[in-house]
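Content type compact mmCIF, N, CA and C atoms, from the file input.txt:
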```
# COMPACT_ATOMS: atom_id res chain seq x y z
N MET A 882 0.84 -1.17 0.00
CA MET A 882 0.00 0.00 0.00
C MET A 882 0.89 1.24 0.00
N ALA A 883 0.74 2.01 -1.01
CA ALA A 883 1.51 3.24 -1.08
C ALA A 883 0.62 4.40 -0.67
N LEU A 884 1.16 5.25 0.16
CA LEU A 884 0.41 6.41 0.61
C LEU A 884 0.78 7.57 -0.30
N TYR A 885 -0.08 7.82 -1.28
CA TYR A 885 0.17 8.91 -2.21
C TYR A 885 -0.42 10.18 -1.64
N LEU A 886 0.39 11.19 -1.58
CA LEU A 886 -0.05 12.47 -1.05
C LEU A 886 -0.35 13.41 -2.21
N SER A 887 -1.40 14.18 -2.06
CA SER A 887 -1.70 15.16 -3.08
C SER A 887 -0.68 16.30 -3.00
N LYS A 888 -0.58 17.01 -4.09
CA LYS A 888 0.36 18.13 -4.15
C LYS A 888 0.00 19.18 -3.10
N GLU A 889 -1.30 19.38 -2.90
CA GLU A 889 -1.75 20.37 -1.93
C GLU A 889 -1.37 19.97 -0.51
N LYS A 890 -1.50 18.67 -0.19
CA LYS A 890 -1.16 18.21 1.16
C LYS A 890 0.34 18.37 1.43
N LYS A 891 1.16 18.03 0.43
CA LYS A 891 2.60 18.20 0.60
C LYS A 891 2.95 19.67 0.80
N GLU A 892 2.34 20.55 -0.01
CA GLU A 892 2.62 21.97 0.12
C GLU A 892 2.17 22.50 1.48
N GLU A 893 1.07 21.94 2.00
CA GLU A 893 0.60 22.34 3.33
C GLU A 893 1.61 21.95 4.41
N ILE A 894 2.14 20.73 4.31
CA ILE A 894 3.15 20.26 5.27
C ILE A 894 4.41 21.11 5.16
N PHE A 895 4.85 21.40 3.92
CA PHE A 895 6.06 22.19 3.72
C PHE A 895 5.86 23.62 4.23
N ALA A 896 4.68 24.18 4.01
CA ALA A 896 4.41 25.55 4.46
C ALA A 896 4.40 25.64 5.98
N GLU A 897 3.85 24.61 6.61
CA GLU A 897 3.76 24.62 8.08
C GLU A 897 5.11 24.43 8.74
N HIS A 898 5.94 23.56 8.18
CA HIS A 898 7.20 23.22 8.85
C HIS A 898 8.43 23.78 8.16
N GLY A 899 8.33 24.08 6.85
CA GLY A 899 9.50 24.57 6.13
C GLY A 899 9.54 26.06 5.95
N GLY A 900 8.45 26.74 6.29
CA GLY A 900 8.41 28.18 6.15
C GLY A 900 7.78 28.65 4.86
N ASP A 901 7.85 27.84 3.80
CA ASP A 901 7.29 28.19 2.51
C ASP A 901 6.76 26.92 1.85
N ALA A 902 5.72 27.04 1.04
CA ALA A 902 5.12 25.86 0.41
C ALA A 902 6.07 25.20 -0.59
N LYS A 903 7.03 25.95 -1.10
CA LYS A 903 7.98 25.41 -2.07
C LYS A 903 9.29 24.96 -1.43
N ASN A 904 9.44 25.13 -0.12
CA ASN A 904 10.68 24.79 0.57
C ASN A 904 10.65 23.33 1.01
N SER A 905 10.79 22.45 0.03
CA SER A 905 10.74 21.02 0.33
C SER A 905 12.08 20.48 0.80
N GLY A 906 13.12 21.28 0.76
CA GLY A 906 14.44 20.81 1.13
C GLY A 906 14.81 21.03 2.57
N SER A 907 14.02 21.79 3.31
CA SER A 907 14.39 22.04 4.70
C SER A 907 14.27 20.75 5.51
N ILE A 908 15.12 20.63 6.48
CA ILE A 908 15.16 19.41 7.29
C ILE A 908 13.85 19.21 8.03
N GLU A 909 13.31 20.28 8.59
CA GLU A 909 12.06 20.17 9.33
C GLU A 909 10.92 19.71 8.43
N ALA A 910 10.87 20.22 7.20
CA ALA A 910 9.81 19.83 6.27
C ALA A 910 9.93 18.35 5.90
N GLN A 911 11.15 17.89 5.68
CA GLN A 911 11.35 16.48 5.34
C GLN A 911 10.97 15.58 6.51
N ILE A 912 11.35 15.97 7.71
CA ILE A 912 11.00 15.17 8.89
C ILE A 912 9.49 15.13 9.07
N ALA A 913 8.82 16.27 8.85
CA ALA A 913 7.36 16.31 8.98
C ALA A 913 6.69 15.44 7.93
N LEU A 914 7.21 15.46 6.70
CA LEU A 914 6.64 14.62 5.64
C LEU A 914 6.83 13.14 5.97
N PHE A 915 8.02 12.77 6.42
CA PHE A 915 8.26 11.37 6.80
C PHE A 915 7.35 10.96 7.96
N THR A 916 7.14 11.85 8.91
CA THR A 916 6.28 11.54 10.05
C THR A 916 4.85 11.30 9.60
N PHE A 917 4.36 12.12 8.67
CA PHE A 917 3.02 11.95 8.13
C PHE A 917 2.89 10.61 7.41
N ARG A 918 3.90 10.27 6.60
CA ARG A 918 3.86 9.00 5.86
C ARG A 918 3.99 7.81 6.81
N ILE A 919 4.79 7.94 7.86
CA ILE A 919 4.94 6.87 8.85
C ILE A 919 3.61 6.60 9.54
N ALA A 920 2.89 7.67 9.88
CA ALA A 920 1.59 7.50 10.54
C ALA A 920 0.61 6.77 9.62
N GLY A 921 0.62 7.11 8.34
CA GLY A 921 -0.27 6.43 7.38
C GLY A 921 0.07 4.96 7.22
N LEU A 922 1.35 4.65 7.12
CA LEU A 922 1.75 3.25 6.99
C LEU A 922 1.47 2.46 8.26
N THR A 923 1.62 3.09 9.40
CA THR A 923 1.33 2.42 10.67
C THR A 923 -0.14 2.04 10.75
N ASP A 924 -1.02 2.95 10.35
CA ASP A 924 -2.45 2.65 10.33
C ASP A 924 -2.76 1.52 9.35
N HIS A 925 -2.10 1.53 8.20
CA HIS A 925 -2.32 0.48 7.20
C HIS A 925 -1.88 -0.88 7.75
N LEU A 926 -0.76 -0.91 8.44
CA LEU A 926 -0.24 -2.18 8.93
C LEU A 926 -1.03 -2.73 10.12
N LYS A 927 -1.80 -1.88 10.78
CA LYS A 927 -2.68 -2.39 11.84
C LYS A 927 -3.77 -3.27 11.26
N ASP A 928 -4.22 -2.93 10.06
CA ASP A 928 -5.26 -3.73 9.41
C ASP A 928 -4.69 -4.86 8.58
N ASN A 929 -3.50 -4.68 8.01
CA ASN A 929 -2.90 -5.65 7.10
C ASN A 929 -1.58 -6.13 7.67
N LYS A 930 -1.65 -7.05 8.60
CA LYS A 930 -0.47 -7.48 9.34
C LYS A 930 0.54 -8.24 8.48
N LYS A 931 0.09 -8.85 7.38
CA LYS A 931 0.99 -9.65 6.56
C LYS A 931 1.56 -8.90 5.36
N ASP A 932 1.36 -7.62 5.30
CA ASP A 932 1.87 -6.81 4.19
C ASP A 932 3.33 -6.46 4.48
N HIS A 933 4.21 -7.38 4.10
CA HIS A 933 5.62 -7.22 4.46
C HIS A 933 6.33 -6.15 3.64
N SER A 934 5.88 -5.90 2.42
CA SER A 934 6.52 -4.85 1.63
C SER A 934 6.24 -3.47 2.24
N SER A 935 5.05 -3.28 2.75
CA SER A 935 4.75 -2.00 3.41
C SER A 935 5.50 -1.89 4.73
N ARG A 936 5.68 -3.02 5.41
CA ARG A 936 6.45 -3.00 6.66
C ARG A 936 7.90 -2.59 6.38
N ARG A 937 8.45 -3.10 5.29
CA ARG A 937 9.81 -2.74 4.92
C ARG A 937 9.89 -1.25 4.56
N ALA A 938 8.89 -0.76 3.84
CA ALA A 938 8.86 0.67 3.50
C ALA A 938 8.77 1.52 4.76
N LEU A 939 7.99 1.06 5.74
CA LEU A 939 7.87 1.78 7.01
C LEU A 939 9.21 1.84 7.72
N LEU A 940 9.90 0.73 7.78
CA LEU A 940 11.20 0.71 8.45
C LEU A 940 12.21 1.58 7.72
N THR A 941 12.13 1.64 6.40
CA THR A 941 13.01 2.51 5.63
C THR A 941 12.74 3.98 5.97
N LEU A 942 11.46 4.35 6.03
CA LEU A 942 11.11 5.73 6.37
C LEU A 942 11.55 6.09 7.78
N VAL A 943 11.37 5.16 8.72
CA VAL A 943 11.79 5.42 10.10
C VAL A 943 13.31 5.63 10.15
N GLY A 944 14.05 4.85 9.39
CA GLY A 944 15.50 5.01 9.35
C GLY A 944 15.92 6.34 8.75
N LYS A 945 15.25 6.75 7.68
CA LYS A 945 15.56 8.04 7.06
C LYS A 945 15.27 9.19 8.03
N ARG A 946 14.11 9.10 8.70
CA ARG A 946 13.76 10.15 9.65
C ARG A 946 14.76 10.20 10.80
N LYS A 947 15.18 9.03 11.25
CA LYS A 947 16.15 8.97 12.35
C LYS A 947 17.48 9.62 11.95
N ARG A 948 17.92 9.36 10.71
CA ARG A 948 19.17 9.96 10.24
C ARG A 948 19.04 11.48 10.15
N LEU A 949 17.90 11.96 9.67
CA LEU A 949 17.69 13.41 9.59
C LEU A 949 17.65 14.03 10.99
N LEU A 950 16.99 13.36 11.92
CA LEU A 950 16.92 13.87 13.29
C LEU A 950 18.31 13.89 13.93
N THR A 951 19.11 12.87 13.67
CA THR A 951 20.47 12.84 14.20
C THR A 951 21.29 13.99 13.64
N TYR A 952 21.15 14.24 12.34
CA TYR A 952 21.86 15.35 11.71
C TYR A 952 21.44 16.68 12.33
N LEU A 953 20.12 16.85 12.49
CA LEU A 953 19.62 18.10 13.06
C LEU A 953 20.06 18.26 14.51
N TYR A 954 20.11 17.17 15.25
CA TYR A 954 20.57 17.21 16.64
C TYR A 954 22.01 17.71 16.72
N LYS A 955 22.85 17.22 15.81
CA LYS A 955 24.25 17.62 15.82
C LYS A 955 24.44 19.05 15.29
N LYS A 956 23.58 19.45 14.35
CA LYS A 956 23.72 20.75 13.70
C LYS A 956 23.14 21.89 14.55
N ASP A 957 21.91 21.71 15.03
CA ASP A 957 21.23 22.79 15.76
C ASP A 957 20.26 22.18 16.76
N ILE A 958 20.64 22.13 18.01
CA ILE A 958 19.86 21.45 19.05
C ILE A 958 18.52 22.14 19.31
N THR A 959 18.46 23.46 19.14
CA THR A 959 17.20 24.15 19.41
C THR A 959 16.16 23.82 18.34
N ARG A 960 16.58 23.75 17.08
CA ARG A 960 15.65 23.36 16.01
C ARG A 960 15.22 21.90 16.20
N TYR A 961 16.15 21.06 16.66
CA TYR A 961 15.83 19.66 16.93
C TYR A 961 14.75 19.55 18.00
N ARG A 962 14.94 20.26 19.10
CA ARG A 962 13.96 20.22 20.19
C ARG A 962 12.61 20.78 19.75
N ALA A 963 12.63 21.80 18.92
CA ALA A 963 11.38 22.40 18.44
C ALA A 963 10.60 21.42 17.56
N ILE A 964 11.29 20.72 16.66
CA ILE A 964 10.58 19.79 15.76
C ILE A 964 10.10 18.56 16.52
N ILE A 965 10.86 18.11 17.51
CA ILE A 965 10.44 16.99 18.35
C ILE A 965 9.16 17.36 19.08
N GLU A 966 9.13 18.56 19.64
CA GLU A 966 7.96 19.03 20.38
C GLU A 966 6.76 19.22 19.46
N LYS A 967 6.99 19.81 18.31
CA LYS A 967 5.90 20.14 17.38
C LYS A 967 5.26 18.89 16.79
N LEU A 968 6.07 17.90 16.45
CA LEU A 968 5.54 16.68 15.82
C LEU A 968 5.22 15.59 16.84
N ASP A 969 5.55 15.83 18.10
CA ASP A 969 5.31 14.87 19.17
C ASP A 969 5.99 13.54 18.87
N ILE A 970 7.28 13.64 18.54
CA ILE A 970 8.10 12.45 18.31
C ILE A 970 8.81 12.12 19.61
N ARG A 971 8.87 10.85 19.93
CA ARG A 971 9.58 10.46 21.15
C ARG A 971 11.04 10.83 21.05
N LYS A 972 11.61 11.21 22.16
CA LYS A 972 13.02 11.60 22.17
C LYS A 972 13.94 10.41 21.94
N SER A 973 13.46 9.21 22.18
CA SER A 973 14.31 8.04 22.01
C SER A 973 14.53 7.70 20.55
N SER A 974 13.95 8.48 19.61
CA SER A 974 14.13 8.18 18.21
C SER A 974 15.53 8.52 17.72
N VAL A 975 16.28 9.27 18.52
CA VAL A 975 17.67 9.57 18.19
C VAL A 975 18.53 9.07 19.34
N ALA A 976 19.40 8.14 19.02
CA ALA A 976 20.29 7.59 20.04
C ALA A 976 21.65 8.27 19.90
N THR A 977 22.07 8.87 20.98
CA THR A 977 23.38 9.50 20.98
C THR A 977 24.25 8.81 22.02
N SER A 978 25.53 8.93 21.84
CA SER A 978 26.43 8.28 22.77
C SER A 978 26.44 8.96 24.12
N SER A 979 26.18 10.27 24.13
CA SER A 979 26.24 10.98 25.40
C SER A 979 24.99 10.75 26.25
N GLY A 980 23.85 10.50 25.59
CA GLY A 980 22.63 10.26 26.32
C GLY A 980 21.91 11.51 26.76
N ASN A 981 22.47 12.68 26.49
CA ASN A 981 21.82 13.95 26.86
C ASN A 981 21.01 14.48 25.69
N TYR A 982 19.81 14.86 25.99
CA TYR A 982 18.95 15.42 24.93
C TYR A 982 18.72 16.84 25.24
```

Let me see the file written as structure tokens.
Amino acid sequence: MALYLSKEKKEEIFAEHGGDAKNSGSIEAQIALFTFRIAGLTDHLKDNKKDHSSRRALLTLVGKRKRLLTYLYKKDITRYRAIIEKLDIRKSSVATSSGNY
């Protein structure tokens, strides 16, 4: 099951988190888009437990989001904390060696 987003929905997500509807490259906008897609795939997998290709896609998206969050954590901790708070992502989604968030 592929979660296809309309152009308007993507622009809405980018405008809310990236500052502009055309700013699809900002880290916050990408994390927000991945979070939206993860939520959709999670709902799909609750009903379709044997859909292994969607499960693999979900794990891929979670990994991509985790890498972006790790990058943002190292680059700018205040933006990281803001996006975690805004999207209500658990803090354990980024594992650091120091353990301080």

Determine which residues of chain A DSSP labels as helix (DSSP H, G or I) from the backbone of this structure, then write them out as a short mmCIF file (atom, residue, chain, number, x, y, z; two decimals) with N, CA and C atoms, in the coordinates of the input.
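Output file out-v4.cif follows:
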```cif
data_model
loop_
_atom_site.label_atom_id
_atom_site.label_comp_id
_atom_site.auth_asym_id
_atom_site.auth_seq_id
_atom_site.Cartn_x
_atom_site.Cartn_y
_atom_site.Cartn_z
N LYS A 888 -0.58 17.01 -4.09
CA LYS A 888 0.36 18.13 -4.15
C LYS A 888 0.00 19.18 -3.10
N GLU A 889 -1.30 19.38 -2.90
CA GLU A 889 -1.75 20.37 -1.93
C GLU A 889 -1.37 19.97 -0.51
N LYS A 890 -1.50 18.67 -0.19
CA LYS A 890 -1.16 18.21 1.16
C LYS A 890 0.34 18.37 1.43
N LYS A 891 1.16 18.03 0.43
CA LYS A 891 2.60 18.20 0.60
C LYS A 891 2.95 19.67 0.80
N GLU A 892 2.34 20.55 -0.01
CA GLU A 892 2.62 21.97 0.12
C GLU A 892 2.17 22.50 1.48
N GLU A 893 1.07 21.94 2.00
CA GLU A 893 0.60 22.34 3.33
C GLU A 893 1.61 21.95 4.41
N ILE A 894 2.14 20.73 4.31
CA ILE A 894 3.15 20.26 5.27
C ILE A 894 4.41 21.11 5.16
N PHE A 895 4.85 21.40 3.92
CA PHE A 895 6.06 22.19 3.72
C PHE A 895 5.86 23.62 4.23
N ALA A 896 4.68 24.18 4.01
CA ALA A 896 4.41 25.55 4.46
C ALA A 896 4.40 25.64 5.98
N GLU A 897 3.85 24.61 6.61
CA GLU A 897 3.76 24.62 8.08
C GLU A 897 5.11 24.43 8.74
N HIS A 898 5.94 23.56 8.18
CA HIS A 898 7.20 23.22 8.85
C HIS A 898 8.43 23.78 8.16
N GLY A 899 8.33 24.08 6.85
CA GLY A 899 9.50 24.57 6.13
C GLY A 899 9.54 26.06 5.95
N ILE A 908 15.12 20.63 6.48
CA ILE A 908 15.16 19.41 7.29
C ILE A 908 13.85 19.21 8.03
N GLU A 909 13.31 20.28 8.59
CA GLU A 909 12.06 20.17 9.33
C GLU A 909 10.92 19.71 8.43
N ALA A 910 10.87 20.22 7.20
CA ALA A 910 9.81 19.83 6.27
C ALA A 910 9.93 18.35 5.90
N GLN A 911 11.15 17.89 5.68
CA GLN A 911 11.35 16.48 5.34
C GLN A 911 10.97 15.58 6.51
N ILE A 912 11.35 15.97 7.71
CA ILE A 912 11.00 15.17 8.89
C ILE A 912 9.49 15.13 9.07
N ALA A 913 8.82 16.27 8.85
CA ALA A 913 7.36 16.31 8.98
C ALA A 913 6.69 15.44 7.93
N LEU A 914 7.21 15.46 6.70
CA LEU A 914 6.64 14.62 5.64
C LEU A 914 6.83 13.14 5.97
N PHE A 915 8.02 12.77 6.42
CA PHE A 915 8.26 11.37 6.80
C PHE A 915 7.35 10.96 7.96
N THR A 916 7.14 11.85 8.91
CA THR A 916 6.28 11.54 10.05
C THR A 916 4.85 11.30 9.60
N PHE A 917 4.36 12.12 8.67
CA PHE A 917 3.02 11.95 8.13
C PHE A 917 2.89 10.61 7.41
N ARG A 918 3.90 10.27 6.60
CA ARG A 918 3.86 9.00 5.86
C ARG A 918 3.99 7.81 6.81
N ILE A 919 4.79 7.94 7.86
CA ILE A 919 4.94 6.87 8.85
C ILE A 919 3.61 6.60 9.54
N ALA A 920 2.89 7.67 9.88
CA ALA A 920 1.59 7.50 10.54
C ALA A 920 0.61 6.77 9.62
N GLY A 921 0.62 7.11 8.34
CA GLY A 921 -0.27 6.43 7.38
C GLY A 921 0.07 4.96 7.22
N LEU A 922 1.35 4.65 7.12
CA LEU A 922 1.75 3.25 6.99
C LEU A 922 1.47 2.46 8.26
N THR A 923 1.62 3.09 9.40
CA THR A 923 1.33 2.42 10.67
C THR A 923 -0.14 2.04 10.75
N ASP A 924 -1.02 2.95 10.35
CA ASP A 924 -2.45 2.65 10.33
C ASP A 924 -2.76 1.52 9.35
N HIS A 925 -2.10 1.53 8.20
CA HIS A 925 -2.32 0.48 7.20
C HIS A 925 -1.88 -0.88 7.75
N LEU A 926 -0.76 -0.91 8.44
CA LEU A 926 -0.24 -2.18 8.93
C LEU A 926 -1.03 -2.73 10.12
N LYS A 927 -1.80 -1.88 10.78
CA LYS A 927 -2.68 -2.39 11.84
C LYS A 927 -3.77 -3.27 11.26
N ASP A 928 -4.22 -2.93 10.06
CA ASP A 928 -5.26 -3.73 9.41
C ASP A 928 -4.69 -4.86 8.58
N HIS A 933 4.21 -7.38 4.10
CA HIS A 933 5.62 -7.22 4.46
C HIS A 933 6.33 -6.15 3.64
N SER A 934 5.88 -5.90 2.42
CA SER A 934 6.52 -4.85 1.63
C SER A 934 6.24 -3.47 2.24
N SER A 935 5.05 -3.28 2.75
CA SER A 935 4.75 -2.00 3.41
C SER A 935 5.50 -1.89 4.73
N ARG A 936 5.68 -3.02 5.41
CA ARG A 936 6.45 -3.00 6.66
C ARG A 936 7.90 -2.59 6.38
N ARG A 937 8.45 -3.10 5.29
CA ARG A 937 9.81 -2.74 4.92
C ARG A 937 9.89 -1.25 4.56
N ALA A 938 8.89 -0.76 3.84
CA ALA A 938 8.86 0.67 3.50
C ALA A 938 8.77 1.52 4.76
N LEU A 939 7.99 1.06 5.74
CA LEU A 939 7.87 1.78 7.01
C LEU A 939 9.21 1.84 7.72
N LEU A 940 9.90 0.73 7.78
CA LEU A 940 11.20 0.71 8.45
C LEU A 940 12.21 1.58 7.72
N THR A 941 12.13 1.64 6.40
CA THR A 941 13.01 2.51 5.63
C THR A 941 12.74 3.98 5.97
N LEU A 942 11.46 4.35 6.03
CA LEU A 942 11.11 5.73 6.37
C LEU A 942 11.55 6.09 7.78
N VAL A 943 11.37 5.16 8.72
CA VAL A 943 11.79 5.42 10.10
C VAL A 943 13.31 5.63 10.15
N GLY A 944 14.05 4.85 9.39
CA GLY A 944 15.50 5.01 9.35
C GLY A 944 15.92 6.34 8.75
N LYS A 945 15.25 6.75 7.68
CA LYS A 945 15.56 8.04 7.06
C LYS A 945 15.27 9.19 8.03
N ARG A 946 14.11 9.10 8.70
CA ARG A 946 13.76 10.15 9.65
C ARG A 946 14.76 10.20 10.80
N LYS A 947 15.18 9.03 11.25
CA LYS A 947 16.15 8.97 12.35
C LYS A 947 17.48 9.62 11.95
N ARG A 948 17.92 9.36 10.71
CA ARG A 948 19.17 9.96 10.24
C ARG A 948 19.04 11.48 10.15
N LEU A 949 17.90 11.96 9.67
CA LEU A 949 17.69 13.41 9.59
C LEU A 949 17.65 14.03 10.99
N LEU A 950 16.99 13.36 11.92
CA LEU A 950 16.92 13.87 13.29
C LEU A 950 18.31 13.89 13.93
N THR A 951 19.11 12.87 13.67
CA THR A 951 20.47 12.84 14.20
C THR A 951 21.29 13.99 13.64
N TYR A 952 21.15 14.24 12.34
CA TYR A 952 21.86 15.35 11.71
C TYR A 952 21.44 16.68 12.33
N LEU A 953 20.12 16.85 12.49
CA LEU A 953 19.62 18.10 13.06
C LEU A 953 20.06 18.26 14.51
N TYR A 954 20.11 17.17 15.25
CA TYR A 954 20.57 17.21 16.64
C TYR A 954 22.01 17.71 16.72
N LYS A 955 22.85 17.22 15.81
CA LYS A 955 24.25 17.62 15.82
C LYS A 955 24.44 19.05 15.29
N LYS A 956 23.58 19.45 14.35
CA LYS A 956 23.72 20.75 13.70
C LYS A 956 23.14 21.89 14.55
N ILE A 958 20.64 22.13 18.01
CA ILE A 958 19.86 21.45 19.05
C ILE A 958 18.52 22.14 19.31
N THR A 959 18.46 23.46 19.14
CA THR A 959 17.20 24.15 19.41
C THR A 959 16.16 23.82 18.34
N ARG A 960 16.58 23.75 17.08
CA ARG A 960 15.65 23.36 16.01
C ARG A 960 15.22 21.90 16.20
N TYR A 961 16.15 21.06 16.66
CA TYR A 961 15.83 19.66 16.93
C TYR A 961 14.75 19.55 18.00
N ARG A 962 14.94 20.26 19.10
CA ARG A 962 13.96 20.22 20.19
C ARG A 962 12.61 20.78 19.75
N ALA A 963 12.63 21.80 18.92
CA ALA A 963 11.38 22.40 18.44
C ALA A 963 10.60 21.42 17.56
N ILE A 964 11.29 20.72 16.66
CA ILE A 964 10.58 19.79 15.76
C ILE A 964 10.10 18.56 16.52
N ILE A 965 10.86 18.11 17.51
CA ILE A 965 10.44 16.99 18.35
C ILE A 965 9.16 17.36 19.08
N GLU A 966 9.13 18.56 19.64
CA GLU A 966 7.96 19.03 20.38
C GLU A 966 6.76 19.22 19.46
N LYS A 967 6.99 19.81 18.31
CA LYS A 967 5.90 20.14 17.38
C LYS A 967 5.26 18.89 16.79
N LEU A 968 6.07 17.90 16.45
CA LEU A 968 5.54 16.68 15.82
C LEU A 968 5.22 15.59 16.84
N LYS A 972 11.61 11.21 22.16
CA LYS A 972 13.02 11.60 22.17
C LYS A 972 13.94 10.41 21.94
N SER A 973 13.46 9.21 22.18
CA SER A 973 14.31 8.04 22.01
C SER A 973 14.53 7.70 20.55
N SER A 974 13.95 8.48 19.61
CA SER A 974 14.13 8.18 18.21
C SER A 974 15.53 8.52 17.72
#
```

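Coordinates place atom CA of A:Ala913 at a distance of 11.9 Å from atom CA of A:Lys947.
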
Legend entry - Best match for closeness to A:Leu922 among A:Asp957, A:Ala938, A:Ser907, A:His898, counting only N, CA and C atoms: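 Looking at the shortest contact to A:Leu922, the residue is A:Ala938.
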
Legend entry - Residues within 7 Å of A:Phe895, all atoms listed in the file, excluding chain neighbours under 6 positions, as a list in words: Asp901, Ala902, Lys903, Asn904, Ser905, Ala910, Gln911 and Leu914 of chain A

Legend entry - Length of the atom N of A:Ile894 to atom N of A:Asp928 vector [Å]: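 Separation between atom N of A:Ile894 and atom N of A:Asp928: 25.2 Å.
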
Inset, instruction - Show which residues sit within 10 Å of A:Leu949, as an MDAnalysis selection string. Count only C-alpha atoms, and ignore same-chain residues fewer than 3 positions away. - result: chainID A and resid 908:909 911:912 943:946 952:955 961 975

Legend entry - atom CA of A:Glu966 to atom C of A:Arg937, straight-line distance in Å: 25.8 Å

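When the distance limit is 8 Å and all atoms listed in the file are what count, the residues near A:Arg936, minus those fewer than 4 positions from it on the same chain, are A:Met882, A:Leu922, A:Leu926, A:Lys930, A:Lys931, A:Asp932, A:Leu940, A:Thr941, A:Leu942.
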
Please give the centre and size of the box around stretch 898-913 of chain A (axis-aligned, containing every atom listed in the file, 8 Å added per side), with values in Å to one decimal and written as lines of an AutoDock Vina configuration file.
```
center_x = 10.1
center_y = 21.9
center_z = 3.6
size_x = 26.0
size_y = 29.5
size_z = 27.4
```

Inset, instruction - Find the spatial neighbours of A:Tyr885, counting only C-alpha atoms, within a cut-off of 12 Å - ignore same-chain residues fewer than 2 positions away - and output them as a VMD selection string. - result: chain A and resid 882 to 883 887 to 891 914 917 to 918 921 to 922
